[in-house]
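> Contents of target-v9.json (JSON, C-alpha atoms and all ligand atoms):
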[["chain", "number", "residue", "atom", "x", "y", "z"],
["T", 32, "MET", "CA", -41.95, -22.87, -10.42],
["T", 33, "ASN", "CA", -44.79, -24.69, -12.21],
["T", 34, "PRO", "CA", -44.90, -27.10, -15.16],
["T", 35, "VAL", "CA", -46.38, -25.70, -18.33],
["T", 36, "SER", "CA", -46.05, -28.32, -21.04],
["T", 37, "TYR", "CA", -44.93, -31.92, -21.29],
["T", 38, "LYS", "CA", -42.28, -32.65, -23.92],
["T", 39, "GLN", "CA", -41.10, -36.26, -23.87],
["T", 40, "LYS", "CA", -39.94, -39.28, -21.91],
["T", 41, "LEU", "CA", -36.16, -39.61, -21.76],
["T", 42, "GLU", "CA", -34.26, -42.83, -22.28],
["T", 43, "GLY", "CA", -33.04, -44.70, -19.19],
["T", 44, "LYS", "CA", -34.18, -46.65, -16.17],
["T", 45, "SER", "CA", -35.06, -43.59, -14.10],
["T", 46, "ASN", "CA", -38.16, -42.83, -16.16],
["T", 47, "ALA", "CA", -37.04, -39.23, -16.52],
["T", 48, "HIS", "CA", -39.34, -36.80, -18.30],
["T", 49, "LEU", "CA", -38.64, -33.53, -20.09],
["T", 50, "ILE", "CA", -41.05, -30.79, -19.07],
["T", 51, "THR", "CA", -41.19, -27.04, -19.78],
["T", 52, "PHE", "CA", -41.78, -24.82, -16.73],
["T", 53, "ASP", "CA", -43.17, -21.32, -16.33],
["T", 54, "ASP", "CA", -39.69, -19.80, -16.12],
["T", 55, "GLY", "CA", -39.47, -20.67, -19.83],
["T", 56, "LYS", "CA", -36.87, -23.40, -19.31],
["T", 57, "ASP", "CA", -36.94, -27.15, -19.85],
["T", 58, "TYR", "CA", -36.17, -29.46, -16.93],
["T", 59, "VAL", "CA", -35.51, -33.16, -16.61],
["T", 60, "VAL", "CA", -37.93, -34.45, -13.97],
["T", 61, "LYS", "CA", -37.40, -37.62, -11.97],
["T", 62, "PHE", "CA", -40.28, -39.05, -9.95],
["T", 63, "PHE", "CA", -40.11, -41.28, -6.91],
["T", 64, "GLN", "CA", -40.32, -44.94, -8.04],
["T", 65, "ASP", "CA", -40.95, -48.12, -6.08],
["T", 66, "GLY", "CA", -37.85, -50.28, -6.10],
["T", 67, "PHE", "CA", -35.69, -47.20, -6.69],
["T", 68, "GLU", "CA", -36.35, -45.61, -3.30],
["T", 69, "LYS", "CA", -32.94, -44.02, -2.88],
["T", 70, "SER", "CA", -32.69, -42.45, -6.37],
["T", 71, "LEU", "CA", -34.07, -39.06, -5.42],
["T", 72, "PRO", "CA", -32.30, -38.74, -2.04],
["T", 73, "ASN", "CA", -29.08, -39.70, -3.87],
["T", 74, "GLU", "CA", -29.69, -37.08, -6.57],
["T", 75, "TRP", "CA", -30.41, -34.38, -4.01],
["T", 76, "VAL", "CA", -27.38, -34.98, -1.79],
["T", 77, "SER", "CA", -25.06, -35.36, -4.80],
["T", 78, "TYR", "CA", -26.40, -32.20, -6.37],
["T", 79, "CYS", "CA", -25.80, -30.07, -3.27],
["T", 80, "LEU", "CA", -22.33, -31.44, -2.59],
["T", 81, "GLY", "CA", -21.37, -31.24, -6.27],
["T", 82, "ARG", "CA", -22.45, -27.62, -6.50],
["T", 83, "TYR", "CA", -20.48, -26.75, -3.35],
["T", 84, "LEU", "CA", -17.41, -28.29, -4.96],
["T", 85, "GLY", "CA", -17.94, -26.27, -8.13],
["T", 86, "LEU", "CA", -18.55, -29.31, -10.31],
["T", 87, "PRO", "CA", -20.38, -28.81, -13.61],
["T", 88, "ILE", "CA", -23.76, -30.22, -12.52],
["T", 89, "PRO", "CA", -26.85, -28.72, -14.18],
["T", 90, "PHE", "CA", -28.90, -26.47, -11.88],
["T", 91, "GLY", "CA", -31.34, -28.59, -9.89],
["T", 92, "LYS", "CA", -34.03, -28.44, -7.24],
["T", 93, "ILE", "CA", -36.82, -30.26, -5.51],
["T", 94, "ILE", "CA", -40.29, -29.29, -6.67],
["T", 95, "ASP", "CA", -43.81, -30.68, -6.44],
["T", 96, "ILE", "CA", -45.63, -31.26, -9.72],
["T", 97, "PRO", "CA", -49.34, -30.60, -9.17],
["T", 98, "LYS", "CA", -51.58, -33.64, -9.63],
["T", 99, "GLU", "CA", -53.78, -31.59, -11.98],
["T", 100, "PHE", "CA", -50.83, -31.36, -14.38],
["T", 101, "SER", "CA", -49.78, -35.05, -14.23],
["T", 102, "ALA", "CA", -53.39, -36.16, -14.68],
["T", 103, "GLN", "CA", -53.50, -34.53, -18.11],
["T", 104, "VAL", "CA", -50.35, -36.24, -19.39],
["T", 105, "PRO", "CA", -50.73, -39.92, -20.36],
["T", 106, "GLU", "CA", -46.95, -40.49, -19.96],
["T", 107, "LEU", "CA", -47.19, -39.43, -16.32],
["T", 108, "ALA", "CA", -50.25, -41.50, -15.52],
["T", 109, "ASP", "CA", -48.22, -44.31, -13.97],
["T", 110, "MET", "CA", -45.93, -42.07, -11.94],
["T", 111, "SER", "CA", -46.11, -42.45, -8.19],
["T", 112, "ASP", "CA", -48.18, -40.06, -6.10],
["T", 113, "VAL", "CA", -45.30, -39.55, -3.68],
["T", 114, "PRO", "CA", -44.90, -35.76, -3.43],
["T", 115, "TYR", "CA", -41.76, -33.96, -4.52],
["T", 116, "GLN", "CA", -39.65, -34.65, -7.57],
["T", 117, "PHE", "CA", -36.04, -33.86, -8.38],
["T", 118, "VAL", "CA", -35.55, -31.67, -11.42],
["T", 119, "SER", "CA", -32.44, -30.63, -13.26],
["T", 120, "GLU", "CA", -32.14, -27.99, -15.92],
["T", 121, "TYR", "CA", -31.98, -29.47, -19.41],
["T", 122, "ILE", "CA", -28.72, -28.68, -21.18],
["T", 123, "PRO", "CA", -29.52, -28.49, -24.89],
["T", 124, "ASP", "CA", -27.31, -29.40, -27.84],
["T", 125, "CYS", "CA", -25.19, -31.97, -26.04],
["T", 126, "LEU", "CA", -23.72, -35.31, -26.99],
["T", 127, "ASN", "CA", -22.97, -38.06, -24.50],
["T", 128, "GLY", "CA", -19.58, -39.74, -24.14],
["T", 129, "HIS", "CA", -20.45, -42.37, -26.77],
["T", 130, "GLN", "CA", -21.57, -39.85, -29.35],
["T", 131, "ALA", "CA", -18.80, -37.25, -29.07],
["T", 132, "SER", "CA", -15.72, -37.97, -31.14],
["T", 133, "ASN", "CA", -12.48, -36.16, -31.85],
["T", 134, "ILE", "CA", -12.37, -34.53, -28.44],
["T", 135, "CYS", "CA", -9.14, -32.54, -28.41],
["T", 136, "ARG", "CA", -9.93, -30.27, -25.47],
["T", 137, "ILE", "CA", -12.27, -30.08, -22.51],
["T", 138, "ASN", "CA", -12.78, -26.36, -21.88],
["T", 139, "ASN", "CA", -13.62, -26.87, -18.20],
["T", 140, "GLN", "CA", -10.82, -29.40, -17.65],
["T", 141, "GLN", "CA", -10.02, -27.90, -14.24],
["T", 142, "THR", "CA", -13.18, -29.58, -12.87],
["T", 143, "LEU", "CA", -12.29, -33.12, -13.99],
["T", 144, "ALA", "CA", -10.18, -34.26, -11.04],
["T", 145, "GLY", "CA", -12.97, -33.03, -8.76],
["T", 146, "ILE", "CA", -15.55, -35.13, -10.60],
["T", 147, "ILE", "CA", -13.46, -38.28, -10.26],
["T", 148, "LEU", "CA", -12.84, -37.72, -6.55],
["T", 149, "PHE", "CA", -16.52, -36.90, -6.01],
["T", 150, "ASP", "CA", -17.49, -40.21, -7.66],
["T", 151, "TYR", "CA", -15.14, -42.08, -5.33],
["T", 152, "TRP", "CA", -16.24, -40.13, -2.25],
["T", 153, "LEU", "CA", -19.91, -40.95, -2.92],
["T", 154, "TYR", "CA", -19.11, -44.33, -4.44],
["T", 155, "ASN", "CA", -20.77, -43.68, -7.78],
["T", 156, "ARG", "CA", -20.21, -46.70, -10.00],
["T", 157, "ASP", "CA", -22.52, -45.28, -12.65],
["T", 158, "ARG", "CA", -20.26, -42.71, -14.33],
["T", 159, "THR", "CA", -20.92, -44.28, -17.72],
["T", 160, "ARG", "CA", -20.44, -42.45, -21.00],
["T", 161, "LYS", "CA", -24.18, -41.75, -20.98],
["T", 162, "ASN", "CA", -23.87, -39.89, -17.71],
["T", 163, "ILE", "CA", -21.73, -37.08, -19.00],
["T", 164, "LEU", "CA", -22.88, -34.42, -21.42],
["T", 165, "LEU", "CA", -20.51, -32.77, -23.87],
["T", 166, "ARG", "CA", -21.26, -29.62, -25.81],
["T", 167, "GLU", "CA", -18.94, -28.60, -28.60],
["T", 168, "GLU", "CA", -18.02, -24.94, -28.01],
["T", 169, "ASN", "CA", -15.25, -24.60, -30.58],
["T", 170, "GLU", "CA", -13.97, -27.12, -33.09],
["T", 171, "HIS", "CA", -13.11, -30.33, -31.15],
["T", 172, "ALA", "CA", -13.32, -28.41, -27.85],
["T", 173, "PHE", "CA", -16.13, -29.40, -25.50],
["T", 174, "ARG", "CA", -17.69, -28.30, -22.21],
["T", 175, "LEU", "CA", -18.50, -31.24, -19.97],
["T", 176, "TRP", "CA", -21.38, -31.68, -17.50],
["T", 177, "VAL", "CA", -22.09, -34.56, -15.15],
["T", 178, "ILE", "CA", -25.61, -35.91, -14.74],
["T", 179, "ASP", "CA", -27.41, -38.83, -13.10],
["T", 180, "HIS", "CA", -26.43, -39.36, -9.50],
["T", 181, "ALA", "CA", -29.26, -41.79, -8.79],
["T", 182, "GLU", "CA", -26.80, -44.59, -8.05],
["T", 183, "VAL", "CA", -24.35, -43.02, -5.63],
["T", 184, "PHE", "CA", -23.80, -44.73, -2.27],
["T", 185, "GLY", "CA", -23.63, -48.01, -4.19],
["T", 186, "GLY", "CA", -27.06, -47.91, -5.87],
["T", 187, "TYR", "CA", -30.63, -46.65, -6.14],
["T", 188, "ALA", "CA", -31.93, -48.96, -3.42],
["T", 189, "TRP", "CA", -29.11, -49.03, -0.86],
["T", 190, "GLU", "CA", -29.65, -50.38, 2.63],
["T", 191, "GLN", "CA", -28.09, -48.93, 5.72],
["T", 192, "ALA", "CA", -25.64, -51.81, 6.17],
["T", 193, "GLU", "CA", -24.25, -51.24, 2.66],
["T", 194, "ILE", "CA", -23.72, -47.54, 3.06],
["T", 195, "GLU", "CA", -21.82, -48.19, 6.26],
["T", 196, "ASN", "CA", -19.40, -50.37, 4.30],
["T", 197, "LEU", "CA", -18.82, -48.79, 0.93],
["T", 198, "PRO", "CA", -15.99, -50.41, -1.07],
["T", 199, "ALA", "CA", -12.64, -48.70, -1.55],
["T", 200, "ASP", "CA", -11.71, -50.37, -4.83],
["T", 201, "ILE", "CA", -10.85, -48.72, -8.12],
["T", 202, "ILE", "CA", -14.01, -48.42, -10.21],
["T", 203, "LYS", "CA", -13.72, -49.53, -13.84],
["T", 204, "SER", "CA", -14.97, -46.51, -15.76],
["T", 205, "ALA", "CA", -14.04, -45.63, -19.33],
["T", 206, "THR", "CA", -15.45, -42.18, -18.59],
["T", 207, "HIS", "CA", -13.02, -41.65, -15.71],
["T", 208, "GLN", "CA", -10.23, -42.73, -18.04],
["T", 209, "LEU", "CA", -11.38, -40.30, -20.69],
["T", 210, "MET", "CA", -11.52, -37.49, -18.13],
["T", 211, "ALA", "CA", -8.12, -38.45, -16.73],
["T", 212, "LEU", "CA", -6.57, -37.84, -20.15],
["T", 213, "PHE", "CA", -7.52, -34.17, -20.00],
["T", 214, "ILE", "CA", -6.39, -33.38, -16.45],
["T", 215, "GLU", "CA", -3.37, -31.18, -16.99],
["T", 216, "ASN", "CA", -2.19, -30.91, -13.41],
["T", 217, "GLU", "CA", -1.85, -33.82, -10.97],
["T", 218, "GLN", "CA", -2.04, -31.26, -8.18],
["T", 219, "ASP", "CA", -5.76, -30.78, -9.03],
["T", 220, "PHE", "CA", -6.52, -34.06, -7.23],
["T", 221, "PHE", "CA", -4.89, -32.88, -4.01],
["T", 222, "GLU", "CA", -6.64, -29.50, -4.09],
["T", 223, "GLN", "CA", -10.01, -31.14, -4.65],
["T", 224, "LEU", "CA", -9.39, -33.60, -1.83],
["T", 225, "GLU", "CA", -8.77, -30.71, 0.52],
["T", 226, "LEU", "CA", -11.94, -28.99, -0.64],
["T", 227, "ILE", "CA", -13.95, -32.17, 0.01],
["T", 228, "GLN", "CA", -12.35, -32.60, 3.43],
["T", 229, "THR", "CA", -13.13, -29.06, 4.50],
["T", 230, "ILE", "CA", -16.86, -29.02, 3.73],
["T", 231, "PRO", "CA", -18.43, -28.11, 7.09],
["T", 232, "ILE", "CA", -20.07, -31.13, 8.73],
["T", 233, "LEU", "CA", -23.02, -28.90, 9.60],
["T", 234, "LEU", "CA", -23.58, -28.24, 5.90],
["T", 235, "ILE", "CA", -23.52, -31.97, 5.09],
["T", 236, "GLU", "CA", -26.03, -32.56, 7.91],
["T", 237, "GLU", "CA", -28.24, -29.76, 6.65],
["T", 238, "ILE", "CA", -28.27, -31.13, 3.08],
["T", 239, "VAL", "CA", -29.27, -34.58, 4.34],
["T", 240, "THR", "CA", -31.89, -33.12, 6.69],
["T", 241, "LEU", "CA", -33.53, -31.36, 3.75],
["T", 242, "ILE", "CA", -34.43, -34.70, 2.11],
["T", 243, "PRO", "CA", -38.25, -34.59, 2.09],
["T", 244, "ASP", "CA", -39.88, -36.92, 4.67],
["T", 245, "GLU", "CA", -42.11, -38.21, 1.86],
["T", 246, "TRP", "CA", -39.10, -39.96, 0.33],
["T", 247, "ASN", "CA", -39.00, -42.22, 3.36],
["T", 248, "VAL", "CA", -35.35, -42.14, 4.31],
["T", 249, "SER", "CA", -35.31, -43.07, 8.00],
["T", 250, "LYS", "CA", -33.55, -41.02, 10.65],
["T", 251, "GLU", "CA", -30.98, -43.80, 11.06],
["T", 252, "GLU", "CA", -30.36, -43.96, 7.31],
["T", 253, "LYS", "CA", -29.84, -40.19, 7.18],
["T", 254, "LYS", "CA", -27.38, -40.43, 10.02],
["T", 255, "ALA", "CA", -25.60, -43.24, 8.17],
["T", 256, "MET", "CA", -25.33, -41.04, 5.05],
["T", 257, "VAL", "CA", -23.66, -38.27, 7.02],
["T", 258, "THR", "CA", -21.34, -40.70, 8.80],
["T", 259, "ALA", "CA", -20.38, -42.38, 5.51],
["T", 260, "LEU", "CA", -19.53, -39.02, 3.92],
["T", 261, "VAL", "CA", -17.62, -37.67, 6.90],
["T", 262, "THR", "CA", -15.68, -40.88, 7.54],
["T", 263, "ARG", "CA", -14.92, -41.76, 3.94],
["T", 264, "ARG", "CA", -13.44, -38.39, 3.00],
["T", 265, "THR", "CA", -10.62, -38.76, 5.51],
["T", 266, "LYS", "CA", -10.32, -42.51, 5.96],
["T", 267, "GLU", "CA", -10.60, -44.06, 2.50],
["T", 268, "LEU", "CA", -10.55, -41.23, -0.04],
["T", 269, "PRO", "CA", -6.89, -40.14, 0.24],
["T", 270, "ASP", "CA", -5.68, -43.69, -0.35],
["T", 271, "ILE", "CA", -8.15, -44.30, -3.20],
["T", 272, "MET", "CA", -6.99, -41.04, -4.80],
["T", 273, "LYS", "CA", -3.33, -42.05, -4.64],
["T", 274, "ARG", "CA", -4.15, -45.46, -6.13],
["T", 275, "PHE", "CA", -6.13, -43.81, -8.93],
["T", 276, "ILE", "CA", -3.25, -41.49, -9.73],
["T", 277, "LYS", "CA", -0.77, -44.37, -9.71],
["T", 278, "THR", "CA", -2.76, -47.02, -11.54],
["T", 279, "VAL", "CA", -4.94, -44.97, -13.91],
["T", 280, "TYR", "CA", -3.93, -41.32, -14.23],
["T", 281, "ARG", "CA", -0.15, -41.65, -14.61],
["T", 282, "PRO", "CA", -0.06, -44.75, -16.86],
["T", 283, "LEU", "CA", -2.66, -43.23, -19.22],
["T", 284, "ASN", "CA", -0.83, -39.94, -19.46],
["T", 285, "GLU", "CA", 2.55, -41.67, -19.91],
["T", 286, "CYS", "CA", 1.02, -43.69, -22.71],
["T", 287, "MET", "CA", -0.32, -40.56, -24.39],
["T", 288, "LYS", "CA", 3.04, -38.84, -24.06],
["T", 289, "ASN", "CA", 4.79, -41.80, -25.69],
["T", 290, "LEU", "CA", 2.25, -41.86, -28.50],
["T", 291, "ASN", "CA", 2.76, -38.16, -29.14],
["T", 292, "ASN", "CA", 6.54, -38.59, -29.11],
["T", 293, "LEU", "CA", 6.20, -41.41, -31.59],
["T", 294, "LYS", "CA", 3.99, -39.25, -33.81],
["T", 295, "ASN", "CA", 6.51, -36.39, -33.70],
["T", 296, "LEU", "CA", 9.34, -38.77, -34.49],
["T", 297, "LYS", "CA", 7.43, -40.19, -37.44],
["T", 298, "ASN", "CA", 6.61, -36.71, -38.74],
["T", 299, "SER", "CA", 10.22, -35.61, -38.48],
["T", 300, "ARG", "CA", 11.52, -38.65, -40.35],
["T", 301, "PHE", "CA", 9.14, -38.62, -43.29],
["X", 1, "LIG", "N1", -29.71, -32.01, -17.38],
["X", 1, "LIG", "C1", -29.80, -32.70, -18.50],
["X", 1, "LIG", "N2", -29.60, -32.09, -19.70],
["X", 1, "LIG", "C2", -29.71, -32.78, -20.85],
["X", 1, "LIG", "N3", -30.03, -34.09, -20.91],
["X", 1, "LIG", "C3", -30.24, -34.75, -19.76],
["X", 1, "LIG", "C4", -30.12, -34.09, -18.50],
["X", 1, "LIG", "N4", -30.38, -35.00, -17.53],
["X", 1, "LIG", "C5", -30.67, -36.15, -18.17],
["X", 1, "LIG", "N5", -30.58, -36.02, -19.50],
["X", 1, "LIG", "C6", -30.85, -37.06, -20.53],
["X", 1, "LIG", "O1", -31.77, -37.99, -20.00],
["X", 1, "LIG", "C7", -31.22, -39.29, -19.89],
["X", 1, "LIG", "C8", -31.69, -39.96, -18.61],
["X", 1, "LIG", "O2", -31.31, -39.20, -17.46],
["X", 1, "LIG", "P1", -30.41, -39.82, -16.32],
["X", 1, "LIG", "O3", -30.31, -38.79, -15.25],
["X", 1, "LIG", "O4", -29.13, -40.32, -16.89],
["X", 1, "LIG", "O5", -31.30, -41.01, -15.76],
["X", 1, "LIG", "P2", -31.20, -42.61, -15.92],
["X", 1, "LIG", "O6", -30.02, -42.98, -16.76],
["X", 1, "LIG", "O7", -31.06, -43.10, -14.52],
["X", 1, "LIG", "O8", -32.51, -42.98, -16.54],
["X", 1, "LIG", "C9", -29.72, -39.04, -19.93],
["X", 1, "LIG", "O9", -29.02, -40.15, -20.44],
["X", 1, "LIG", "C10", -29.60, -37.84, -20.86],
["X", 1, "LIG", "O10", -29.70, -38.25, -22.21],
["X", 2, "MG", "MG", -28.19, -42.18, -16.81]]
Any chance you could give the structure as structure tokens?
Ligand SMILES: Nc1ncnc2c1ncn2[C@@H]1O[C@H](COP(=O)(O)OP(=O)(O)O)[C@@H](O)[C@H]1O
Ligand SMILES: [Mg+2]

Amino acid sequence: MNPVSYKQKLEGKSNAHLITFDDGKDYVVKFFQDGFEKSLPNEWVSYCLGRYLGLPIPFGKIIDIPKEFSAQVPELADMSDVPYQFVSEYIPDCLNGHQASNICRINNQQTLAGIILFDYWLYNRDRTRKNILLREENEHAFRLWVIDHAEVFGGYAWEQAEIENLPADIIKSATHQLMALFIENEQDFFEQLELIQTIPILLIEEIVTLIPDEWNVSKEEKKAMVTALVTRRTKELPDIMKRFIKTVYRPLNECMKNLNNLKNLKNSRF
């Protein structure tokens, strides 16, 4: 897959660029950046695990943009020479979580509990409203995608000591709250937890091993990534999940139920 034409720089701290490739599709390209050394390894590992879990993550891969192409594009002049970039397929005609209003339905709502658990498993504090995409498929009914996993494992420049000690607290995320409102079945959380817990360790190791050497993740750091994932899914995640259900999911849904009851009552009286 080769780049054909440069389109534009995208908003955000990752310095992402929109480029058309010779398969006729547009991709969002993220380059290696000094000071953000773990962004691309984070994106890669999240992408593979997310796809395994069936989460709505745009198709992605690792490619190498030829220097001859970058040299012709002024916007790419300052990009690092480190080989290999992470690309994800551009999903057109979307709004982010700030822009979409009057959401009455999420058509792929069965994936929402999985997204929340995934964020807690990988400790992604960056599930902001800008990091979901919503495409209106029917009136007030949207399909949701998740993007931007540059800050999993606590951030884009994590150190080994941090990844070995990822917090188990409830993350304040208006996006998680929004998603929680559309989860119809509490059982979804438990099914997703089981799916996460049964990913073969060999697969997790393979995904981490495939991080290009050029991205400079040391052997010890890679081992720490695998250990964090394998430990966290059984040690911390079940408890975090139960706390999320109790302190976020149930209260929000109770509140919505009461509001709807109130609305019905009002409608029946007037
Ligand atoms: N696959 C995609 N499809 C459509 N738009 C995207 C996609 N990936 C990123 N974007 C757009 O590019 C912006 C920046 O990408 P993102 O991955 O969030 O990087 P960051 O926020 O770290 O700069 C997003 O906020 C979104 O508007
Ligand atoms: Mg972002």
> Using all atoms listed in the file, which of the listed residues (T:Lys294, T:Lys69, T:Arg160, T:His48) sits closest to ligand MG 2 (chain X)?
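When distances to ligand MG 2 (chain X) are compared using all atoms listed in the file, the smallest one comes from T:Arg160.
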> Would you mind listing what lies within 8 Å of stretch 165-168 of chain T as a PDB file with C-alpha atoms, in the coordinates of the input, with all atoms listed in the file counted and same-chain residues fewer than 4 positions away left out?

ATOM      1  CA  ASP T 124     -27.310 -29.400 -27.840  1.00  0.00           C
ATOM      2  CA  CYS T 125     -25.190 -31.970 -26.040  1.00  0.00           C
ATOM      3  CA  LEU T 126     -23.720 -35.310 -26.990  1.00  0.00           C
ATOM      4  CA  ASN T 127     -22.970 -38.060 -24.500  1.00  0.00           C
ATOM      5  CA  GLY T 128     -19.580 -39.740 -24.140  1.00  0.00           C
ATOM      6  CA  ALA T 131     -18.800 -37.250 -29.070  1.00  0.00           C
ATOM      7  CA  ALA T 172     -13.320 -28.410 -27.850  1.00  0.00           C
ATOM      8  CA  PHE T 173     -16.130 -29.400 -25.500  1.00  0.00           C
ATOM      9  CA  ARG T 174     -17.690 -28.300 -22.210  1.00  0.00           C
ATOM     10  CA  LEU T 175     -18.500 -31.240 -19.970  1.00  0.00           C
ATOM     11  CA  TRP T 176     -21.380 -31.680 -17.500  1.00  0.00           C
TER      12      TRP T 176
END
> Can you list, as a PyMOL selection string, every protein, DNA or RNA residue that comes within 10 Å of T:Ile276 when you count only C-alpha atoms, leaving out same-chain residues fewer than 5 positions away?
chain T and resi 211+217+220+270-271+281-283
> For the interface of chain T with ligand LIG 1 (chain X) (cut-off 9 Å, counting all atoms listed in the file), please tabulate each contacting residue of chain T alongside its nearest pair of atoms and their separation in Å to one decimal, rows sorted by chain and increasing number, as a Markdown table.

| residue | atom | partner | partner_atom | distance |
| --- | --- | --- | --- | --- |
| T:Lys40 | CA | X:LIG1 | O1 | 8.5 |
| T:Leu41 | CA | X:LIG1 | O1 | 5.0 |
| T:Glu42 | CA | X:LIG1 | C7 | 5.2 |
| T:Gly43 | CA | X:LIG1 | O8 | 3.2 |
| T:Lys44 | CA | X:LIG1 | O8 | 4.0 |
| T:Ser45 | CA | X:LIG1 | O8 | 3.6 |
| T:Asn46 | CA | X:LIG1 | O8 | 5.7 |
| T:Ala47 | CA | X:LIG1 | C8 | 5.8 |
| T:His48 | CA | X:LIG1 | O1 | 7.8 |
| T:Leu49 | CA | X:LIG1 | O1 | 8.2 |
| T:Asp57 | CA | X:LIG1 | N2 | 8.8 |
| T:Tyr58 | CA | X:LIG1 | N1 | 7.0 |
| T:Val59 | CA | X:LIG1 | N4 | 5.5 |
| T:Val60 | CA | X:LIG1 | N4 | 8.4 |
| T:Lys61 | CA | X:LIG1 | O3 | 7.9 |
| T:Ser70 | CA | X:LIG1 | O7 | 8.3 |
| T:Glu74 | CA | X:LIG1 | O3 | 8.9 |
| T:Ile88 | CA | X:LIG1 | N1 | 7.9 |
| T:Pro89 | CA | X:LIG1 | N1 | 5.4 |
| T:Phe90 | CA | X:LIG1 | N1 | 7.8 |
| T:Gly91 | CA | X:LIG1 | N1 | 8.4 |
| T:Val118 | CA | X:LIG1 | N1 | 8.4 |
| T:Ser119 | CA | X:LIG1 | N1 | 5.1 |
| T:Glu120 | CA | X:LIG1 | N1 | 4.9 |
| T:Tyr121 | CA | X:LIG1 | N2 | 3.6 |
| T:Ile122 | CA | X:LIG1 | N2 | 3.8 |
| T:Pro123 | CA | X:LIG1 | C2 | 5.9 |
| T:Asp124 | CA | X:LIG1 | C2 | 8.1 |
| T:Cys125 | CA | X:LIG1 | C2 | 6.9 |
| T:Leu126 | CA | X:LIG1 | O10 | 8.2 |
| T:Asn127 | CA | X:LIG1 | O10 | 7.1 |
| T:Asp157 | CA | X:LIG1 | O6 | 8.9 |
| T:Arg160 | CA | X:LIG1 | O9 | 8.9 |
| T:Lys161 | CA | X:LIG1 | O9 | 5.1 |
| T:Asn162 | CA | X:LIG1 | O4 | 5.3 |
| T:Ile163 | CA | X:LIG1 | O9 | 8.0 |
| T:Leu164 | CA | X:LIG1 | C2 | 7.0 |
| T:Trp176 | CA | X:LIG1 | N1 | 8.3 |
| T:Val177 | CA | X:LIG1 | N1 | 8.3 |
| T:Ile178 | CA | X:LIG1 | O3 | 5.5 |
| T:Asp179 | CA | X:LIG1 | O3 | 3.6 |
| T:His180 | CA | X:LIG1 | O3 | 7.0 |
| T:Ala181 | CA | X:LIG1 | O7 | 6.1 |
| T:Glu182 | CA | X:LIG1 | O7 | 7.9 |
> With all atoms listed in the file counted, which protein, DNA or RNA residues have an atom no more than 9 Å from (-47.0, -25.0, -8.8) in the file frame? Please answer as a VMD selection string.
chain T and resid 32 to 34 94 to 97
> If you measure from atom CA of T:Asn298 to atom CA of T:Asn133, what distance in Å do you get, rounded to one decimal?
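So the two atoms, atom CA of T:Asn298 and atom CA of T:Asn133, lie 20.3 Å apart.
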> Nearest to ligand MG 2 (chain X) among T:Phe100, T:Phe63, T:Tyr187, T:Tyr151, with distances taken over only C-alpha atoms and all ligand atoms: which residue is it?
T:Tyr187
> I need the residue nearest T:Trp152 from this list: T:Thr265, T:Asn139, T:Ser132, T:Asn291. Use all atoms listed in the file for the distance.
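Residue with the minimum atom-to-atom distance to T:Trp152: T:Thr265.
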> Using all atoms listed in the file, can you tell me which of T:Leu107, T:Leu148, T:Val183, T:Leu84 comes closest to ligand MG 2 (chain X)?
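Looking only at the distances to ligand MG 2 (chain X), the closest residue turns out to be T:Val183.
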> Which one is closest to T:Gly85: T:Lys253, T:Ile146, T:Arg156, T:Phe62? Count all atoms listed in the file.
T:Ile146
> Pick out the closest residue to T:Ile147 from this set: T:Leu197, T:Ile242, T:Ile202, T:Leu234. Count only C-alpha atoms.
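Under the stated criterion, the closest residue is T:Ile202.
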> Suppose you want the space between atom CA of T:Glu170 and atom CA of T:Lys56; what is it in Å?
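Atom CA of T:Glu170 sits 27.0 Å away from atom CA of T:Lys56.
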> Interatomic distance between atom CA of T:Val248 and atom CA of T:Asn73?
10.6 Å
> Can you tell me, as a list in words, what residues are no more than 10 Å from T:Lys273 when counting all atoms listed in the file, ignoring any on the same chain fewer than 6 positions away?
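Answer for this query is Phe220, Phe221, Val279 and Tyr280 of chain T.
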> For the residues selected in the previous step, produce a file with C-alpha atoms as a PDB file, in the coordinates of the input.

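Writing done, so here's again_3.pdb:
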ATOM      1  CA  PHE T 220      -6.520 -34.060  -7.230  1.00  0.00           C
ATOM      2  CA  PHE T 221      -4.890 -32.880  -4.010  1.00  0.00           C
ATOM      3  CA  VAL T 279      -4.940 -44.970 -13.910  1.00  0.00           C
ATOM      4  CA  TYR T 280      -3.930 -41.320 -14.230  1.00  0.00           C
TER       5      TYR T 280
END
> Write out as a ChimeraX atom specification which residues come within 6 Å of T:Tyr154 when counting all atoms listed in the file, dropping same-chain ones fewer than 4 positions away.
/T:150,183-185
> Report as a tab-separated table (two decimals) with C-alpha atoms, keeping the file's coordinate frame all protein, DNA and RNA residues lying within 12 Å of T:Asn169, evaluated on only C-alpha atoms, omitting residues in the same chain fewer than 6 positions from it.

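Saved the output as result-v8.tsv:
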chain	number	residue	atom	x	y	z
T	133	ASN	CA	-12.48	-36.16	-31.85
T	134	ILE	CA	-12.37	-34.53	-28.44
T	135	CYS	CA	-9.14	-32.54	-28.41
T	136	ARG	CA	-9.93	-30.27	-25.47
T	137	ILE	CA	-12.27	-30.08	-22.51
T	138	ASN	CA	-12.78	-26.36	-21.88
